[in-house]
Amino acid sequence: MLAVDAVDSGDLAAVIAAEPSETSHRPEVLGLTTQDSLNEYVRRYLKVPISPANIGPLSRIFDFVSNAAPGVKEILTVGKAGYEARFGDWDEIVVDAPASGHVVELLAAPTALHELITSGPLVGQTAWLQELLAAPSTTVTVVATPEELPVAETTMLLGRLIRETDVAVDALIINRAPTTIGPAGIAEAERINGRTDGRATTALGLVAAAAVDRALSAAPFVAELEALASGYDVPVFTVTENFDDPVSSALSALSSLNGHR
Amino acid sequence: MIDAVDALLAERSVVAVVGRGGVGKTTVAAALGVRAARHHDRRVLVVTVDPARRLADALGVNGLDGEAVIVPVGQAEGRLWVLMVEMSSAWDQLVRHCAPDAATADSLLANGLYRSLTTRFVASHDYVALDHILLLDDDRFDLIIVDTPPGNHAEDLFAAPGRLGLFFDSRLLRWLTAGVGGGVTRLASRPFQLVARRLLGTDFLDRIGEFFTLFARLRPRLVERIDAVERLLESPASAMVEIRAADSGHIPEPVEEGDDLVVVNRLLPLTEVVIEPSGDGVDRVTLDLRIDSDDVDALTDESLRAAVVGLMAATPGVEMRLPAGTGLCLLPRLSGGVNRLEDLITLTDQAAAEPWRSKAESSDPVV
């Protein structure tokens with residue numbers, strides 16, 4: 001398996017390295033930098049007769065092109081992941097995508113570029129990237145926390161993914177959902193505090209009140225995400241908040257997702 | 001600890017609020033604005049990119065993109081305005097402001113590539129938010145608080161104007177527009193044009209060239225603005241405030257040198273707070289909330305017990321290393337969240353009461 005860190009944050013590599021695992025089962029991690037992807041592309045496809053480092057004036061603008069030229073970052077990211085999927089020796093590729101506001105641009109980049117360009121090698125390359133993204137074997141898993149802004153962003157993201165891209169959404173994961181507290185638990189928290197206005201005076205009462213508050217605050221957003229997913233016929237998986245060992249908690253929920261797949 | 005906040009709010013002209021998504025940046029930016037108006041008689045403009053619905057409703061700015069809306073903050077001499085930035089129209093305004101004439105602005109705004117290119121610039125969002133600090137020239141305001149797009153670090157934010165400015169001075173722009181340029185530029189750009197035409201095709205490269213030829217005409221006024229934003233950000237009149245949520249797990253991450261103040265948001269009152277100099281110009285800040293495990297075990301409801309254990313795990317002796325000269329402010333978690341203007345007032349008022357415990361005398365508040 002190949003795990004691709006699309007923003008090269010190092011977070012993905014750190015999490016995978018920290019997890020005990022059979023060496024043969026540990027995924028390889030690829031941190032994508034736009035600069036490296038551009039260099040590789042130029043080497044591989046343009047067949048410029050000298051290495052990018054020695055191209056002279058051209059090499060000096062590489063950094064700028066890769067970081068600031070519009071759309072270059074998106075097409076290189078999806079292009080590199082697509083290249084690995086088509087030509088690499090992997091059973092599965094998982095991409096840790098950028099923040100939700102950039103995902104649609106990323107997935108729509110091959111189509112956008114394909115519509116703009118009428119000649120050159122990118123025409124064929126963007127065509128097979130489009131086919132790859134539209135294939136049933138390529139899916140998007142959306143992850144959201146049950147809070148106001150992430151729920152609003154997820155609502156927008158799911159709609160845009162379905163309207164503006166050909167990639168199927170295979171699941172919505174509600175991450176870091178606070179532990180649900182039933183009526184008996186709420187009553188006990190109020191009893192500890194000796195009052196019902198939520199103002200606690202002891203450490204235990206305070207934490208209990210905060211736990212109840214978090215659970216009650218998250219509940220409508222969990223419901224909203226579930227309804228959203230149901231409207232698009234997308235299955236939902238919930239990862240309960242676990243400050244001690246968030247990865248184990250996520251893995252447990254993901255085993256259900258893999259069963260679904 | 002509220003002193004560190006008050007010093008900034010009383011003295012600075014620009015406060016940029018940075019931090020990861022979901023830590024409460026917009027809420028804290030609004031709370032700082034309310035406090036500056038109420039306690040320091042400042043005429044404050046809070047610039048926000050994308051506030052949550054409830055907060056936007058509370059401030060009365062929902063649906064009023066691009067306009068500075070006055071928010072009543074009581075009997076104070078100060079005033080508070082909130083401006084919600086809508087990225088696309090903000091770029092349109094910037095184009096109109098920087099274009100040498102109306103015809104250039106109209107041509108650029110009507111250009112087919114304009115919308116996707118301007119909104120996809122790396123750092124363009126950062127820059128558009130920051131550009132609003134130039135509203136200090138507006139006599140209405142003497143303090144501007146900018147709630148930046150999520151994920152920003154101080155270093156990235158300071159670099160945003162420079163990155164955009166770099167584009168106008170870049171060889172890339174000259175080469176992209178070389179098709180309509182002079183002989184020397186055209187000659188120098190030949191290797192680039194050769195590769196770019198091979199990759200992108202002649203038609204597309206020509207369309208890009210036409211767009212950037214128009215865009216380059218913004219250069220004199222836009223570069224002037226970028227320079228002014230940079231000068232203001234780097235001046236002692238500006239401050240960078242980083243927000244971290246107590247329940248996010250990100251408290252121990254290194255604090256950047258550029259941060260003037262770190263705000264730990266949503267901290268539970270009664271949390272034990274210890275600040276110790278570590279001898280290398282850095283203070284060690286420990287946040288700890290401990291409860292007797294027998295008390296937790298005595299909880300009869302299983303779901304409540306699991307939730308309490310989970311929440312306690314968020315702050316078991318969390319440590320942050322705070323560089324000397326960087327202030328610290330702790331803001332409490334408010335029951336029910338921050339949904340009304342009154343909650344914004346309560347937030348910093350409660351912080352001023354410092355409901356935390358020191359390690360030595362856990363019944364007394366931290367000084």
# chains A, B, ... in the order shown; residues from 1 in each chain; ligands from 1
call {"tool": "select_by_dssp", "arguments": {"residues": "range 239-274 of chain B", "states": "strand (DSSP E)", "output": "list in words"}}
result
Ala239, Met240, Val241, Glu242, Ile243, Arg244, Ala245, Leu261, Val262, Val263, Val264, Asn265, Arg266, Leu267, Glu272, Val273 and Val274 of chain B
call {"tool": "residues_around", "arguments": {"residues": "range 91-104 of chain B", "least_positions_apart": "6", "cutoff": "8 Å", "atoms": "only C-alpha atoms", "output": "compact mmCIF listing (two decimals) with N, CA and C atoms, in the first residue's frame"}}
result
# COMPACT_ATOMS: atom_id res chain seq x y z
N THR B 118 -7.25 33.91 -10.27
CA THR B 118 -7.06 34.72 -9.06
C THR B 118 -7.44 33.95 -7.81
N VAL B 128 -5.65 38.66 0.36
CA VAL B 128 -6.89 39.46 0.32
C VAL B 128 -7.36 39.80 1.74
N LEU B 214 -2.73 41.80 -19.17
CA LEU B 214 -3.69 42.69 -18.49
C LEU B 214 -3.37 42.79 -16.99
N ARG B 217 -0.71 45.11 -15.68
CA ARG B 217 -0.99 46.55 -15.63
C ARG B 217 -1.44 46.99 -14.24
N LEU B 218 -1.76 46.01 -13.39
CA LEU B 218 -2.09 46.37 -12.00
C LEU B 218 -0.83 46.64 -11.18
N ARG B 219 0.31 46.25 -11.75
CA ARG B 219 1.54 46.21 -10.97
C ARG B 219 1.83 47.44 -10.11
N PRO B 220 1.90 48.65 -10.68
CA PRO B 220 2.35 49.78 -9.84
C PRO B 220 1.50 49.95 -8.57
N ARG B 221 0.18 49.94 -8.72
CA ARG B 221 -0.66 50.20 -7.54
C ARG B 221 -0.72 48.98 -6.61
N LEU B 222 -0.73 47.78 -7.18
CA LEU B 222 -0.82 46.59 -6.33
C LEU B 222 0.48 46.39 -5.54
call {"tool": "residues_around", "arguments": {"residues": "Leu132 in chain A", "least_positions_apart": "6", "cutoff": "10 Å", "atoms": "only C-alpha atoms", "output": "list in words"}}
result
Gly82, Tyr83, Ala85, Arg86, Thr126, Thr138, Asp166 and Val167 of chain A
call {"tool": "residues_around", "arguments": {"residues": "Glu77 in chain B", "least_positions_apart": "4", "cutoff": "10 Å", "atoms": "only C-alpha atoms", "output": "CSV table (one decimal) with all heavy atoms, in the first residue's frame"}}
result
chain,number,residue,atom,x,y,z
B,37,ALA,N,-13.0,47.5,22.3
B,37,ALA,CA,-14.0,48.6,22.2
B,37,ALA,C,-14.5,49.0,23.6
B,37,ALA,O,-14.6,50.2,23.9
B,37,ALA,CB,-15.1,48.2,21.3
B,38,ARG,N,-14.8,48.0,24.4
B,38,ARG,CA,-15.4,48.2,25.7
B,38,ARG,C,-14.4,48.7,26.8
B,38,ARG,O,-14.8,49.5,27.6
B,38,ARG,CB,-16.1,46.9,26.2
B,38,ARG,CG,-17.4,46.6,25.5
B,38,ARG,CD,-17.9,45.2,25.9
B,38,ARG,NE,-18.1,45.1,27.3
B,38,ARG,CZ,-19.2,45.4,28.0
B,38,ARG,NH1,-20.2,45.9,27.3
B,38,ARG,NH2,-19.3,45.3,29.3
B,39,HIS,N,-13.2,48.1,26.8
B,39,HIS,CA,-12.3,48.4,27.9
B,39,HIS,C,-11.2,49.4,27.5
B,39,HIS,O,-10.5,50.0,28.3
B,39,HIS,CB,-11.6,47.1,28.3
B,39,HIS,CG,-12.5,46.2,29.1
B,39,HIS,ND1,-12.5,46.0,30.4
B,39,HIS,CD2,-13.5,45.4,28.6
B,39,HIS,CE1,-13.5,45.2,30.8
B,39,HIS,NE2,-14.1,44.8,29.7
B,40,HIS,N,-11.0,49.6,26.2
B,40,HIS,CA,-9.9,50.5,25.8
B,40,HIS,C,-10.3,51.6,24.8
B,40,HIS,O,-9.5,52.3,24.3
B,40,HIS,CB,-8.8,49.6,25.1
B,40,HIS,CG,-8.3,48.5,26.0
B,40,HIS,ND1,-7.4,48.8,27.0
B,40,HIS,CD2,-8.5,47.2,26.0
B,40,HIS,CE1,-7.2,47.6,27.6
B,40,HIS,NE2,-7.8,46.7,27.1
B,41,ASP,N,-11.6,51.7,24.7
B,41,ASP,CA,-12.2,52.8,23.9
B,41,ASP,C,-11.6,52.8,22.5
B,41,ASP,O,-11.5,53.9,21.9
B,41,ASP,CB,-12.0,54.2,24.6
B,41,ASP,CG,-12.7,54.3,25.9
B,41,ASP,OD1,-13.7,53.5,26.1
B,41,ASP,OD2,-12.3,55.1,26.7
B,42,ARG,N,-11.3,51.7,21.9
B,42,ARG,CA,-10.7,51.7,20.6
B,42,ARG,C,-11.9,51.6,19.6
B,42,ARG,O,-13.0,51.2,19.8
B,42,ARG,CB,-9.9,50.4,20.3
B,42,ARG,CG,-8.7,50.2,21.3
B,42,ARG,CD,-7.7,51.4,21.2
B,42,ARG,NE,-7.1,51.5,19.9
B,42,ARG,CZ,-5.9,50.9,19.6
B,42,ARG,NH1,-5.3,50.1,20.4
B,42,ARG,NH2,-5.4,51.1,18.4
B,43,ARG,N,-11.6,52.1,18.4
B,43,ARG,CA,-12.5,52.0,17.2
B,43,ARG,C,-12.0,50.9,16.4
B,43,ARG,O,-11.1,51.0,15.6
B,43,ARG,CB,-12.5,53.4,16.5
B,43,ARG,CG,-13.2,54.5,17.3
B,43,ARG,CD,-13.1,55.8,16.6
B,43,ARG,NE,-11.8,56.4,16.8
B,43,ARG,CZ,-10.9,56.7,15.8
B,43,ARG,NH1,-11.3,56.4,14.6
B,43,ARG,NH2,-9.7,57.2,16.1
B,73,VAL,N,-21.9,47.6,21.3
B,73,VAL,CA,-21.1,46.9,22.4
B,73,VAL,C,-21.4,47.6,23.8
B,73,VAL,O,-20.6,47.5,24.7
B,73,VAL,CB,-19.6,46.9,22.1
B,73,VAL,CG1,-19.3,45.9,21.0
B,73,VAL,CG2,-19.1,48.2,21.8
call {"tool": "residues_around", "arguments": {"residues": "Glu11 in chain B", "least_positions_apart": "6", "cutoff": "12 Å", "atoms": "only C-alpha atoms", "output": "VMD selection string"}}
result
chain B and resid 4 to 5 36 40 to 42 142 to 144 236 to 239
call {"tool": "residues_around", "arguments": {"residues": "Pro183 in chain A", "least_positions_apart": "4", "cutoff": "10 Å", "atoms": "only C-alpha atoms", "output": "list in words"}}
result
Ala187, Glu188, Ala189 and Val212 of chain A; Asp301, Ser303 and Leu304 of chain B
call {"tool": "closest_residue", "arguments": {"among": "B:Cys329, B:Val69, B:Leu311, B:Val82", "to": "chain A", "atoms": "only C-alpha atoms"}}
result
B:Leu311
call {"tool": "closest_residue", "arguments": {"among": "A:Val140, A:Lys73, A:Pro235, A:Asn175", "to": "chain B", "atoms": "only C-alpha atoms"}}
result
A:Lys73
call {"tool": "closest_residue", "arguments": {"among": "A:Thr155, A:Thr118, A:Ser217, A:Ser230", "to": "Gly336 in chain B", "atoms": "only C-alpha atoms"}}
result
A:Ser217
call {"tool": "closest_residue", "arguments": {"among": "B:Leu200, B:Gly78, B:Ile275, B:Leu287", "to": "Glu115 in chain A", "atoms": "only C-alpha atoms"}}
result
B:Leu200
call {"tool": "atom_distance", "arguments": {"atom1": "CA of Val103 in chain A", "atom2": "CA of Arg160 in chain A"}}
result
9.7 Å
